[in-house]
Structure formats: structure tokens, C-alpha cells
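> For reference, the file run.csv (CSV, C-alpha atoms and all ligand atoms) is included below:
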```csv
chain,number,residue,atom,x,y,z
E,1,MET,CA,0.0,0.0,0.0
E,2,GLN,CA,1.2,3.5,-0.8
E,3,ALA,CA,0.3,6.8,0.7
E,4,VAL,CA,1.4,10.2,-0.5
E,5,VAL,CA,0.7,13.5,1.4
E,6,LEU,CA,-0.8,15.8,-1.2
E,7,GLY,CA,-1.1,18.6,1.4
E,8,ALA,CA,0.2,18.9,5.0
E,9,GLY,CA,-1.4,22.2,5.9
E,10,ALA,CA,-4.6,23.1,7.7
E,11,GLY,CA,-7.3,25.3,6.2
E,12,GLY,CA,-5.6,28.3,4.6
E,13,GLY,CA,-2.4,26.5,3.9
E,14,PHE,CA,1.1,27.8,4.5
E,15,PRO,CA,1.6,30.7,3.8
E,16,GLN,CA,-2.1,31.7,4.2
E,17,TRP,CA,-3.1,34.3,1.6
E,18,ASN,CA,-3.8,37.1,4.1
E,19,SER,CA,-1.2,36.3,6.8
E,20,ASN,CA,1.8,38.5,7.3
E,21,ALA,CA,2.9,36.7,10.4
E,22,SER,CA,6.6,35.8,10.6
E,23,GLY,CA,6.3,32.1,9.7
E,24,CYS,CA,4.2,33.0,6.6
E,25,ARG,CA,6.7,35.7,5.6
E,26,ARG,CA,9.5,33.1,5.9
E,27,ALA,CA,7.5,30.6,3.7
E,28,ARG,CA,6.8,33.3,1.1
E,29,SER,CA,10.4,34.4,0.9
E,30,GLY,CA,11.6,30.9,0.0
E,31,ASP,CA,13.3,30.1,3.3
E,32,PRO,CA,14.1,26.4,3.0
E,33,LEU,CA,13.4,26.0,6.8
E,34,ALA,CA,9.8,27.3,6.3
E,35,ARG,CA,8.6,25.1,3.5
E,36,PRO,CA,5.2,26.1,2.1
E,37,CYS,CA,2.4,23.5,2.2
E,38,THR,CA,-1.0,23.1,0.6
E,39,GLN,CA,-4.2,22.1,2.5
E,40,ALA,CA,-4.5,18.7,4.0
E,41,SER,CA,-5.1,15.7,1.8
E,42,LEU,CA,-3.7,12.2,1.4
E,43,ALA,CA,-3.6,9.9,-1.7
E,44,VAL,CA,-3.7,6.2,-1.1
E,45,SER,CA,-3.4,3.2,-3.4
E,46,ALA,CA,-3.0,-0.5,-3.1
E,47,GLY,CA,-0.8,-1.1,-6.1
E,48,GLY,CA,-0.2,2.3,-7.7
E,49,ALA,CA,-2.9,2.0,-10.5
E,50,ASP,CA,-6.0,3.3,-8.8
E,51,TRP,CA,-5.9,6.1,-6.2
E,52,PHE,CA,-8.2,7.4,-3.5
E,53,ILE,CA,-8.0,11.0,-2.3
E,54,LEU,CA,-8.7,11.5,1.4
E,55,ASN,CA,-10.3,15.0,1.5
E,56,ALA,CA,-10.6,17.2,-1.5
E,57,SER,CA,-8.7,20.3,-0.5
E,58,PRO,CA,-9.2,23.6,-2.2
E,59,ASP,CA,-5.7,23.1,-3.6
E,60,LEU,CA,-6.6,19.8,-5.2
E,61,ARG,CA,-5.9,21.0,-8.8
E,62,GLN,CA,-2.4,22.1,-7.9
E,63,GLN,CA,-1.9,18.9,-5.9
E,64,ILE,CA,-2.8,16.7,-8.8
E,65,GLU,CA,-0.5,18.6,-11.2
E,66,ALA,CA,2.3,18.2,-8.7
E,67,ALA,CA,1.8,14.4,-8.5
E,68,PRO,CA,2.5,12.6,-11.8
E,69,PHE,CA,0.9,9.4,-10.5
E,70,LEU,CA,-2.5,11.2,-10.5
E,71,HIS,CA,-2.2,12.4,-14.1
E,72,PRO,CA,-4.3,10.9,-16.9
E,73,ARG,CA,-2.6,7.8,-18.5
E,74,GLU,CA,-5.0,6.6,-21.2
E,75,GLY,CA,-7.0,8.1,-24.1
E,76,LEU,CA,-8.1,11.7,-24.3
E,77,ARG,CA,-9.9,11.8,-20.9
E,78,SER,CA,-9.1,9.6,-17.9
E,79,SER,CA,-7.9,9.7,-14.4
E,80,PRO,CA,-6.3,7.2,-11.9
E,81,ILE,CA,-8.5,8.9,-9.2
E,82,ALA,CA,-11.1,6.3,-8.4
E,83,GLY,CA,-12.7,7.9,-5.4
E,84,VAL,CA,-12.6,10.7,-2.9
E,85,VAL,CA,-13.3,10.0,0.8
E,86,LEU,CA,-14.4,12.9,3.0
E,87,THR,CA,-13.8,13.1,6.8
E,88,GLY,CA,-16.1,16.1,7.3
E,89,SER,CA,-17.7,19.0,5.4
E,90,ASP,CA,-15.2,21.8,6.3
E,91,VAL,CA,-14.3,24.0,3.3
E,92,ASP,CA,-10.8,22.5,3.3
E,93,ALA,CA,-12.2,18.9,2.9
E,94,ILE,CA,-14.8,19.5,0.2
E,95,ALA,CA,-14.0,22.6,-1.9
E,96,GLY,CA,-11.6,20.6,-4.0
E,97,LEU,CA,-14.5,18.5,-5.3
E,98,LEU,CA,-15.3,21.4,-7.6
E,99,ASN,CA,-12.0,20.8,-9.4
E,100,LEU,CA,-13.2,17.3,-10.3
E,101,ARG,CA,-16.1,18.4,-12.6
E,102,GLU,CA,-15.7,17.5,-16.3
E,103,ARG,CA,-17.8,14.3,-16.3
E,104,GLN,CA,-15.1,11.9,-15.1
E,105,ALA,CA,-16.4,8.8,-13.2
E,106,PHE,CA,-15.4,8.4,-9.6
E,107,THR,CA,-17.1,7.9,-6.3
E,108,VAL,CA,-17.5,10.3,-3.4
E,109,TYR,CA,-17.6,8.5,0.0
E,110,ALA,CA,-18.9,10.3,3.0
E,111,THR,CA,-21.2,9.9,6.0
E,112,GLY,CA,-24.9,10.7,5.6
E,113,LYS,CA,-24.4,14.0,7.4
E,114,VAL,CA,-21.6,15.1,5.1
E,115,LEU,CA,-23.4,13.9,2.0
E,116,GLY,CA,-26.4,15.9,3.3
E,117,VAL,CA,-24.2,19.1,3.2
E,118,LEU,CA,-23.2,18.3,-0.4
E,119,ASP,CA,-26.8,17.6,-1.4
E,120,ALA,CA,-27.9,20.9,0.1
E,121,ASN,CA,-25.3,22.9,-1.9
E,122,PRO,CA,-26.4,22.9,-5.6
E,123,VAL,CA,-22.9,24.0,-6.7
E,124,PHE,CA,-21.8,20.4,-6.1
E,125,GLU,CA,-24.2,19.3,-8.8
E,126,VAL,CA,-21.3,20.1,-11.1
E,127,LEU,CA,-20.3,16.5,-10.2
E,128,ALA,CA,-23.0,15.1,-12.5
E,129,ARG,CA,-24.8,12.4,-10.6
E,130,ASP,CA,-25.0,10.2,-13.6
E,131,VAL,CA,-21.2,9.8,-13.6
E,132,VAL,CA,-20.1,10.7,-10.1
E,133,ARG,CA,-21.5,8.3,-7.5
E,134,ARG,CA,-22.2,9.5,-3.9
E,135,GLN,CA,-21.8,6.6,-1.5
E,136,ARG,CA,-22.8,6.8,2.1
E,137,LEU,CA,-20.4,5.5,4.7
E,138,MET,CA,-21.9,3.9,7.7
E,139,LEU,CA,-19.8,4.4,10.9
E,140,ASP,CA,-17.7,1.4,11.8
E,141,GLU,CA,-18.7,-0.6,8.7
E,142,THR,CA,-15.8,-1.8,6.5
E,143,ILE,CA,-16.3,-1.5,2.8
E,144,ALA,CA,-14.3,-2.3,-0.3
E,145,LEU,CA,-13.1,0.6,-2.4
E,146,ASN,CA,-13.8,0.0,-6.0
E,147,THR,CA,-12.1,1.3,-9.1
E,148,ALA,CA,-14.1,3.7,-11.4
E,149,ASP,CA,-15.2,0.7,-13.5
E,150,GLY,CA,-16.3,-1.3,-10.6
E,151,ARG,CA,-13.4,-3.7,-9.9
E,152,ASP,CA,-12.0,-4.2,-6.3
E,153,SER,CA,-9.1,-1.8,-5.8
E,154,GLY,CA,-7.7,-4.0,-3.1
E,155,LEU,CA,-8.4,-1.4,-0.4
E,156,ARG,CA,-10.8,-1.6,2.5
E,157,LEU,CA,-12.1,1.5,4.2
E,158,THR,CA,-13.7,2.0,7.7
E,159,ALA,CA,-14.9,5.4,8.9
E,160,PHE,CA,-15.4,6.0,12.6
E,161,ALA,CA,-16.6,8.9,14.6
E,162,VAL,CA,-14.1,11.2,16.3
E,163,PRO,CA,-14.9,14.3,18.5
E,164,GLY,CA,-15.5,17.3,16.3
E,165,LYS,CA,-18.1,19.9,15.4
E,166,VAL,CA,-20.1,21.2,12.5
E,167,PRO,CA,-18.2,23.2,9.9
E,168,LEU,CA,-17.5,26.8,10.6
E,169,TYR,CA,-20.1,28.0,8.0
E,170,LEU,CA,-22.9,25.9,9.7
E,171,GLU,CA,-22.1,27.1,13.2
E,172,PRO,CA,-25.2,28.6,14.9
E,173,PRO,CA,-24.7,32.3,15.2
E,174,GLY,CA,-23.9,33.6,18.7
E,175,SER,CA,-23.1,30.4,20.4
E,176,ASP,CA,-20.2,27.9,20.5
E,177,PRO,CA,-21.1,24.7,18.7
E,178,PRO,CA,-20.9,21.6,20.9
E,179,ILE,CA,-18.1,19.0,20.4
E,180,VAL,CA,-19.9,15.9,19.3
E,181,ILE,CA,-19.0,12.4,18.4
E,182,GLY,CA,-21.0,11.4,15.3
E,183,GLU,CA,-21.1,11.8,11.6
E,184,ASP,CA,-19.8,15.4,11.4
E,185,THR,CA,-16.1,14.4,11.8
E,186,VAL,CA,-14.7,11.0,11.1
E,187,GLY,CA,-11.4,9.3,11.1
E,188,LEU,CA,-10.6,6.8,8.4
E,189,ARG,CA,-8.8,3.4,8.5
E,190,ILE,CA,-7.6,2.2,5.1
E,191,GLY,CA,-6.0,-1.2,4.6
E,192,ASP,CA,-5.0,-3.6,1.9
E,193,GLY,CA,-5.7,-6.8,4.0
E,194,ARG,CA,-2.1,-6.8,5.2
E,195,VAL,CA,-1.5,-3.4,6.9
E,196,ASN,CA,-3.7,-0.4,7.8
E,197,LEU,CA,-3.1,3.3,8.0
E,198,PHE,CA,-5.3,5.8,9.8
E,199,PHE,CA,-6.1,9.3,8.6
E,200,ILE,CA,-7.5,11.7,11.3
E,201,PRO,CA,-6.9,15.3,10.2
E,202,GLY,CA,-9.4,16.7,12.7
E,203,CYS,CA,-10.0,15.5,16.2
E,204,ALA,CA,-11.0,17.6,19.2
E,205,HIS,CA,-9.7,15.3,21.9
E,206,MET,CA,-8.5,11.8,22.5
E,207,THR,CA,-11.1,9.3,23.8
E,208,PRO,CA,-10.6,5.9,25.3
E,209,GLU,CA,-12.3,4.4,22.3
E,210,LEU,CA,-10.0,6.1,19.9
E,211,ALA,CA,-6.9,5.2,21.9
E,212,ALA,CA,-8.0,1.6,21.8
E,213,ARG,CA,-8.6,1.7,18.1
E,214,LEU,CA,-5.2,3.2,17.4
E,215,ARG,CA,-3.1,1.1,19.8
E,216,GLY,CA,-0.4,-0.8,17.9
E,217,ALA,CA,-1.2,0.8,14.6
E,218,GLU,CA,1.3,0.8,11.8
E,219,LEU,CA,0.8,4.4,10.6
E,220,VAL,CA,-1.3,7.2,11.9
E,221,PHE,CA,-1.7,10.7,10.2
E,222,PHE,CA,-3.1,12.9,12.9
E,223,ASP,CA,-4.5,16.4,13.6
E,224,GLY,CA,-1.5,18.7,14.0
E,225,THR,CA,-3.4,21.9,13.7
E,226,LEU,CA,-2.0,23.8,16.7
E,227,TRP,CA,1.0,23.4,18.9
E,228,ASP,CA,-0.7,25.1,21.8
E,229,ASP,CA,-4.4,25.6,22.4
E,230,ARG,CA,-4.0,29.4,22.8
E,231,GLU,CA,-1.4,30.0,20.2
E,232,MET,CA,-3.6,32.0,17.8
E,233,ILE,CA,-4.8,34.2,20.6
E,234,ARG,CA,-1.3,34.8,21.9
E,235,ALA,CA,0.0,35.6,18.5
E,236,GLY,CA,-2.8,38.1,17.9
E,237,LEU,CA,-4.1,36.0,14.9
E,238,GLY,CA,-7.5,35.2,16.2
E,239,SER,CA,-9.8,34.9,19.2
E,240,LYS,CA,-10.4,31.1,19.2
E,241,THR,CA,-8.7,28.4,21.0
E,242,GLY,CA,-7.9,25.1,19.3
E,243,ARG,CA,-10.5,23.4,21.4
E,244,ARG,CA,-13.1,25.9,20.2
E,245,MET,CA,-12.2,25.1,16.6
E,246,GLY,CA,-12.6,21.3,17.2
E,247,HIS,CA,-8.9,20.6,17.3
E,248,ILE,CA,-6.7,19.0,19.9
E,249,SER,CA,-3.2,20.6,20.3
E,250,VAL,CA,0.1,18.8,19.9
E,251,SER,CA,1.6,19.9,23.2
E,252,GLY,CA,0.2,20.0,26.7
E,253,ALA,CA,-1.1,17.5,29.3
E,254,ASP,CA,-4.2,16.7,27.2
E,255,GLY,CA,-2.4,17.2,23.9
E,256,THR,CA,-1.6,14.8,21.1
E,257,ILE,CA,2.0,13.9,22.2
E,258,ALA,CA,0.7,13.0,25.6
E,259,ALA,CA,-2.3,11.1,24.3
E,260,PHE,CA,-0.3,8.9,22.1
E,261,ALA,CA,2.4,8.1,24.7
E,262,GLY,CA,2.2,4.3,25.3
E,263,LEU,CA,-0.1,3.6,22.3
E,264,ASP,CA,2.7,1.8,20.6
E,265,VAL,CA,1.9,3.4,17.2
E,266,ARG,CA,4.8,2.5,14.8
E,267,ARG,CA,4.8,5.7,12.7
E,268,LYS,CA,3.1,8.9,13.8
E,269,VAL,CA,2.8,11.8,11.4
E,270,LEU,CA,1.3,15.2,12.2
E,271,LEU,CA,-0.8,16.7,9.3
E,272,HIS,CA,-3.4,19.5,8.9
E,273,ILE,CA,-0.9,21.9,10.4
E,274,ASN,CA,-2.0,25.5,10.8
E,275,ASN,CA,0.2,28.3,9.6
E,276,SER,CA,0.6,29.5,13.2
E,277,ASN,CA,2.1,26.2,14.4
E,278,PRO,CA,5.8,26.5,14.9
E,279,ILE,CA,6.4,22.8,14.0
E,280,LEU,CA,6.2,24.1,10.4
E,281,LEU,CA,9.5,25.8,11.0
E,282,ALA,CA,12.3,23.3,10.7
E,283,ASP,CA,14.5,25.3,13.1
E,284,SER,CA,11.9,25.7,15.9
E,285,PRO,CA,12.3,24.1,19.3
E,286,GLU,CA,8.7,22.8,19.0
E,287,ARG,CA,9.6,20.8,15.8
E,288,GLU,CA,12.5,19.3,17.7
E,289,GLN,CA,10.2,18.4,20.7
E,290,ALA,CA,7.7,16.7,18.4
E,291,GLN,CA,10.5,14.7,16.8
E,292,VAL,CA,12.0,13.7,20.1
E,293,ALA,CA,8.6,12.5,21.1
E,294,GLY,CA,8.6,10.2,18.0
E,295,TRP,CA,6.5,12.3,15.7
E,296,GLU,CA,7.1,13.2,12.1
E,297,VAL,CA,5.9,16.4,10.5
E,298,ALA,CA,4.1,15.8,7.2
E,299,PHE,CA,5.2,17.8,4.1
E,300,ASP,CA,3.7,18.0,0.7
E,301,GLY,CA,5.0,15.1,-1.4
E,302,MET,CA,5.8,12.9,1.6
E,303,GLU,CA,5.6,9.3,0.4
E,304,VAL,CA,5.1,6.2,2.6
E,305,THR,CA,5.1,2.6,1.4
E,306,LEU,CA,3.6,0.1,3.8
T,401,LIG,C1,-10.9,23.5,10.6
T,401,LIG,O1,-10.1,22.5,10.3
T,401,LIG,O2,-11.1,23.9,11.7
T,401,LIG,C2,-11.5,24.2,9.4
T,401,LIG,O3,-10.9,23.8,8.3
T,401,LIG,C3,-11.6,25.6,9.6
T,401,LIG,C4,-12.1,26.3,8.4
T,401,LIG,O4,-13.1,25.9,7.8
T,401,LIG,O5,-11.5,27.4,8.1
T,402,MN,MN,-9.4,22.1,8.5
```
Could you express the structure from this file as C-alpha cells?
Ligand code: MLT
Ligand code: MN

Amino acid sequence: MQAVVLGAGAGGGFPQWNSNASGCRRARSGDPLARPCTQASLAVSAGGADWFILNASPDLRQQIEAAPFLHPREGLRSSPIAGVVLTGSDVDAIAGLLNLRERQAFTVYATGKVLGVLDANPVFEVLARDVVRRQRLMLDETIALNTADGRDSGLRLTAFAVPGKVPLYLEPPGSDPPIVIGEDTVGLRIGDGRVNLFFIPGCAHMTPELAARLRGAELVFFDGTLWDDREMIRAGLGSKTGRRMGHISVSGADGTIAAFAGLDVRRKVLLHINNSNPILLADSPEREQAQVAGWEVAFDGMEVTL
């Protein structure tokens, strides 16, 4: 099984278009220690022929062009992309679907809640329903991922609920949305019958159920949005904590590093990293702390073969 990080950044990417903060300035200036990244997405394949895209980021067009294995190989119109699996309905998970119009057959996999958001937004009808299938994922049910022409791709997919919230644009005005465990935010397990990887770009906190599920895993890509719950407030970049945004932070007593200690996960990779997170800077003490704790920091183009 192969996995390629198409984008390592959180919503907004790195640098973010309107950010003049020092990290973004470094990324914009070409500083090799502040490598730019596009918005979070992972491509997965069993044998390299058919690929599944986990979350369709707004940068998907650019990500496809940067990844030769996702380019058309046959005839005048074709694509090795057999499906897109969504972990939620945030802009950074669904906007890239709009790049995939042009009457190319593939399947969109998502929970009923997330499909409901797509169904309610007529702009997604550009994915003509007579060629682009929408398949509902039931929580904790394992399904085979098929190629565009209906053959077994060799991959198995399981979606499971993780703590999260409704997307920003559906938050009720004037009140903080609750953190819920349901169909709004899911993690994915993808396997080829031999090994599994987990993709969890958004998760508000660790739960005993999630810890048990991840124990002993071969490879986990996990929410690396913020280093510290209050970093955006401290840096003057915003008024929200990570918790309020539905994201666990990497550091701290209830953070990701602490939550994974003792889970015996073989390879742990932080992804969906916000432009305010100092782990994006290769010379930061936080990057070093994460690495010392056994974490890798995803980057665009990172390839993993399992
Ligand atoms: C998030 O991960 O919290 C969202 O992508 C935020 C957003 O929609 O900008
Ligand atoms: Mn996001």
C-alpha cells in the first residue's frame, strides 16, 4: 500500500493568503526551513494503479498537477483517481471536489451527514450524478473501495466517529457549537488486507475508544493543527482556542503527544498543520520536541510505502 501526502497544511495552507505573520513571511520568501504547504489531503493506493484521495482540499488541482501518479494515463480523458473520501464538510475537505467536474467517473464516499451538506449545496451538482456516485459511509462498517469501472481496488475502508463539530459556516450564530462524536467528523482506516493506516486530520480530543482503536497501529496521520491551544490568541491572529475550533493541540497535558504516549503506534505523522504552528519551521524548538517524542511532521509530497 502506498500513501502520499498531497497537502500537509490546515485550512488556509502555509503561507495563508492574508497572513503577514513571521512564519508565513518566511515561507513566502523561499526560506528552506519554512517550506510552504497546501491544504490537508492524502492519496492512497493498493498497487499504484488506482488512487483514492482522502479529503478534497481547495488546492486539489495544484496537488494533482504536482503528483505525476495522479495524471491521466489513457485516451483523451481519464484519471487514476477512483474515489474521494471525506472526513467532514469543512471547506478544506470539500471545496476541491469542484475541481473534479468535467464528467469523469469516480465515487465520493462520506457519512450521511456530510453527503447531506453536499446535497444541500447545488454547486456540487457540477459533479454530475449520472457519472459521479455518492456513496454513504456507515460508521464502523468496513467496505471495499472499487475502481471507477467497478473492480475491487484491493483497499478496505472504515470510517469511525471522532470528536468534532459542525463546519464553521454551519455554526449557529452567537453560540459555541458543541463538540460531538458522530457523523460530522470522522477518522478513516484504510487497509490492503495486510496493513492499515489511519487518517485523522481533525479531532477535538482523545477518547478511550479512539486510543484503543489506534493502539499498535502501523501508521497514523493525525491532527497537527496547533502546537498550543491558545497560540492563535497569543500571536494576535484570532480569538479562538484550538478546542473551540474542534482541534486537539500537539503539546500540553491533554495534547496529542501525551495522548499517544504508550499507544505503541509505529509511525506517527502530524498533518493538517495550521500556519501558526511552529512545527512548520524546521529550526523551531517545537519541531524538535515533536520529533524527540517520536512524531514526524508531514510535508507536501511525503511518500510512505507500507
Ligand atoms: C478546521 O479545520 O477547523 C476548518 O478547516 C476551519 C475552516 O473551515 O477554516
Ligand atoms: Mn481544516
> Do you have the CA of Lys165 in chain E-CA of Met245 in chain E distance handy?
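Between CA of Lys165 in chain E and CA of Met245 in chain E the gap works out to 8.0 Å.
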> So which one's closest to Thr256 in chain E, E:Thr225, E:Ala282, E:Gly238, E:Arg230? Using only C-alpha atoms, please.
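Smallest distance to Thr256 in chain E is found for E:Thr225.
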> List as a ChimeraX atom specification the protein and nucleic acid residues lying within 8 Å of ligand LIG 401 (chain T), with all atoms listed in the file counted.
/E:10-12,90-93,167-169,201-202,225,245-247,272
> Taking the point (3.1, 25.9, 13.1) as given in the file, collect each protein or nucleic acid residue that comes within 12 Å of it, counting only C-alpha atoms, and present the set as number ranges by chain.
E: 8-10, 13-16, 21-24, 27, 34-37, 224-229, 231-232, 235, 249-251, 270-287, 290, 297-298
> Have a look at E:Asn18, E:Thr107, E:Asn99, E:Gln63 and name the one nearest to Val84 in chain E; count all atoms listed in the file.
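Closest candidate: E:Thr107.
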> In Å, rounded to a single decimal, give me how far CA of Phe222 in chain E is from CA of Ile200 in chain E.
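One can read the CA of Ile200 in chain E to CA of Phe222 in chain E distance as 4.8 Å.
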> Restricting the calculation to all atoms listed in the file, which member of E:Glu125, E:Glu74, E:Asp184, E:Asp264 is positioned closest to Ala204 in chain E?
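Of E:Glu125, E:Glu74, E:Asp184, E:Asp264, the one nearest Ala204 in chain E is E:Asp184, counting all atoms listed in the file.
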> Between E:Val108, E:Ala40, E:Leu188, E:Leu127, which is the closest to ligand MN 402 (chain T) once you count all atoms listed in the file?
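Closest residue, counting all atoms listed in the file: E:Ala40.
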> Would you mind writing range 146-163 of chain E with N, CA, C and O atoms, as a PDB file, in the coordinates of the input?

```pdb
ATOM      1  N   ASN E 146     -13.848   0.504  -4.653  1.00  0.00           N
ATOM      2  CA  ASN E 146     -13.800   0.000  -6.000  1.00  0.00           C
ATOM      3  C   ASN E 146     -13.181   0.991  -6.983  1.00  0.00           C
ATOM      4  O   ASN E 146     -13.189   2.196  -6.740  1.00  0.00           O
ATOM      5  N   THR E 147     -12.664   0.465  -8.077  1.00  0.00           N
ATOM      6  CA  THR E 147     -12.100   1.300  -9.100  1.00  0.00           C
ATOM      7  C   THR E 147     -13.334   1.971  -9.843  1.00  0.00           C
ATOM      8  O   THR E 147     -14.488   1.558  -9.657  1.00  0.00           O
ATOM      9  N   ALA E 148     -13.035   2.949 -10.697  1.00  0.00           N
ATOM     10  CA  ALA E 148     -14.100   3.700 -11.400  1.00  0.00           C
ATOM     11  C   ALA E 148     -14.969   2.732 -12.220  1.00  0.00           C
ATOM     12  O   ALA E 148     -16.164   2.958 -12.409  1.00  0.00           O
ATOM     13  N   ASP E 149     -14.358   1.640 -12.738  1.00  0.00           N
ATOM     14  CA  ASP E 149     -15.200   0.700 -13.500  1.00  0.00           C
ATOM     15  C   ASP E 149     -15.632  -0.506 -12.718  1.00  0.00           C
ATOM     16  O   ASP E 149     -15.978  -1.543 -13.279  1.00  0.00           O
ATOM     17  N   GLY E 150     -15.626  -0.349 -11.394  1.00  0.00           N
ATOM     18  CA  GLY E 150     -16.300  -1.300 -10.600  1.00  0.00           C
ATOM     19  C   GLY E 150     -15.515  -2.533 -10.113  1.00  0.00           C
ATOM     20  O   GLY E 150     -16.068  -3.467  -9.528  1.00  0.00           O
ATOM     21  N   ARG E 151     -14.192  -2.538 -10.360  1.00  0.00           N
ATOM     22  CA  ARG E 151     -13.400  -3.700  -9.900  1.00  0.00           C
ATOM     23  C   ARG E 151     -12.907  -3.354  -8.433  1.00  0.00           C
ATOM     24  O   ARG E 151     -12.828  -2.193  -8.023  1.00  0.00           O
ATOM     25  N   ASP E 152     -12.544  -4.386  -7.699  1.00  0.00           N
ATOM     26  CA  ASP E 152     -12.000  -4.200  -6.300  1.00  0.00           C
ATOM     27  C   ASP E 152     -10.636  -3.599  -6.421  1.00  0.00           C
ATOM     28  O   ASP E 152      -9.741  -4.155  -7.058  1.00  0.00           O
ATOM     29  N   SER E 153     -10.447  -2.466  -5.779  1.00  0.00           N
ATOM     30  CA  SER E 153      -9.100  -1.800  -5.800  1.00  0.00           C
ATOM     31  C   SER E 153      -8.121  -2.475  -4.901  1.00  0.00           C
ATOM     32  O   SER E 153      -6.943  -2.150  -4.928  1.00  0.00           O
ATOM     33  N   GLY E 154      -8.621  -3.368  -4.048  1.00  0.00           N
ATOM     34  CA  GLY E 154      -7.700  -4.000  -3.100  1.00  0.00           C
ATOM     35  C   GLY E 154      -7.724  -3.288  -1.731  1.00  0.00           C
ATOM     36  O   GLY E 154      -7.165  -3.789  -0.759  1.00  0.00           O
ATOM     37  N   LEU E 155      -8.352  -2.122  -1.665  1.00  0.00           N
ATOM     38  CA  LEU E 155      -8.400  -1.400  -0.400  1.00  0.00           C
ATOM     39  C   LEU E 155      -9.676  -1.547   0.337  1.00  0.00           C
ATOM     40  O   LEU E 155     -10.740  -1.664  -0.278  1.00  0.00           O
ATOM     41  N   ARG E 156      -9.586  -1.535   1.648  1.00  0.00           N
ATOM     42  CA  ARG E 156     -10.800  -1.600   2.500  1.00  0.00           C
ATOM     43  C   ARG E 156     -10.794  -0.326   3.353  1.00  0.00           C
ATOM     44  O   ARG E 156      -9.748   0.113   3.835  1.00  0.00           O
ATOM     45  N   LEU E 157     -11.991   0.213   3.520  1.00  0.00           N
ATOM     46  CA  LEU E 157     -12.100   1.500   4.200  1.00  0.00           C
ATOM     47  C   LEU E 157     -13.122   1.360   5.375  1.00  0.00           C
ATOM     48  O   LEU E 157     -14.200   0.781   5.222  1.00  0.00           O
ATOM     49  N   THR E 158     -12.745   1.910   6.519  1.00  0.00           N
ATOM     50  CA  THR E 158     -13.700   2.000   7.700  1.00  0.00           C
ATOM     51  C   THR E 158     -13.651   3.450   8.155  1.00  0.00           C
ATOM     52  O   THR E 158     -12.576   4.001   8.415  1.00  0.00           O
ATOM     53  N   ALA E 159     -14.818   4.042   8.271  1.00  0.00           N
ATOM     54  CA  ALA E 159     -14.900   5.400   8.900  1.00  0.00           C
ATOM     55  C   ALA E 159     -15.461   5.245  10.283  1.00  0.00           C
ATOM     56  O   ALA E 159     -16.338   4.412  10.543  1.00  0.00           O
ATOM     57  N   PHE E 160     -14.906   6.025  11.184  1.00  0.00           N
ATOM     58  CA  PHE E 160     -15.400   6.000  12.600  1.00  0.00           C
ATOM     59  C   PHE E 160     -15.437   7.371  13.139  1.00  0.00           C
ATOM     60  O   PHE E 160     -14.696   8.268  12.713  1.00  0.00           O
ATOM     61  N   ALA E 161     -16.356   7.575  14.066  1.00  0.00           N
ATOM     62  CA  ALA E 161     -16.600   8.900  14.600  1.00  0.00           C
ATOM     63  C   ALA E 161     -15.436   9.343  15.510  1.00  0.00           C
ATOM     64  O   ALA E 161     -14.915   8.535  16.289  1.00  0.00           O
ATOM     65  N   VAL E 162     -15.040  10.594  15.391  1.00  0.00           N
ATOM     66  CA  VAL E 162     -14.100  11.200  16.300  1.00  0.00           C
ATOM     67  C   VAL E 162     -14.726  12.511  16.832  1.00  0.00           C
ATOM     68  O   VAL E 162     -15.602  13.060  16.167  1.00  0.00           O
ATOM     69  N   PRO E 163     -14.271  13.010  17.978  1.00  0.00           N
ATOM     70  CA  PRO E 163     -14.900  14.300  18.500  1.00  0.00           C
ATOM     71  C   PRO E 163     -14.612  15.413  17.511  1.00  0.00           C
ATOM     72  O   PRO E 163     -13.489  15.611  17.041  1.00  0.00           O
TER      73      PRO E 163
END
```
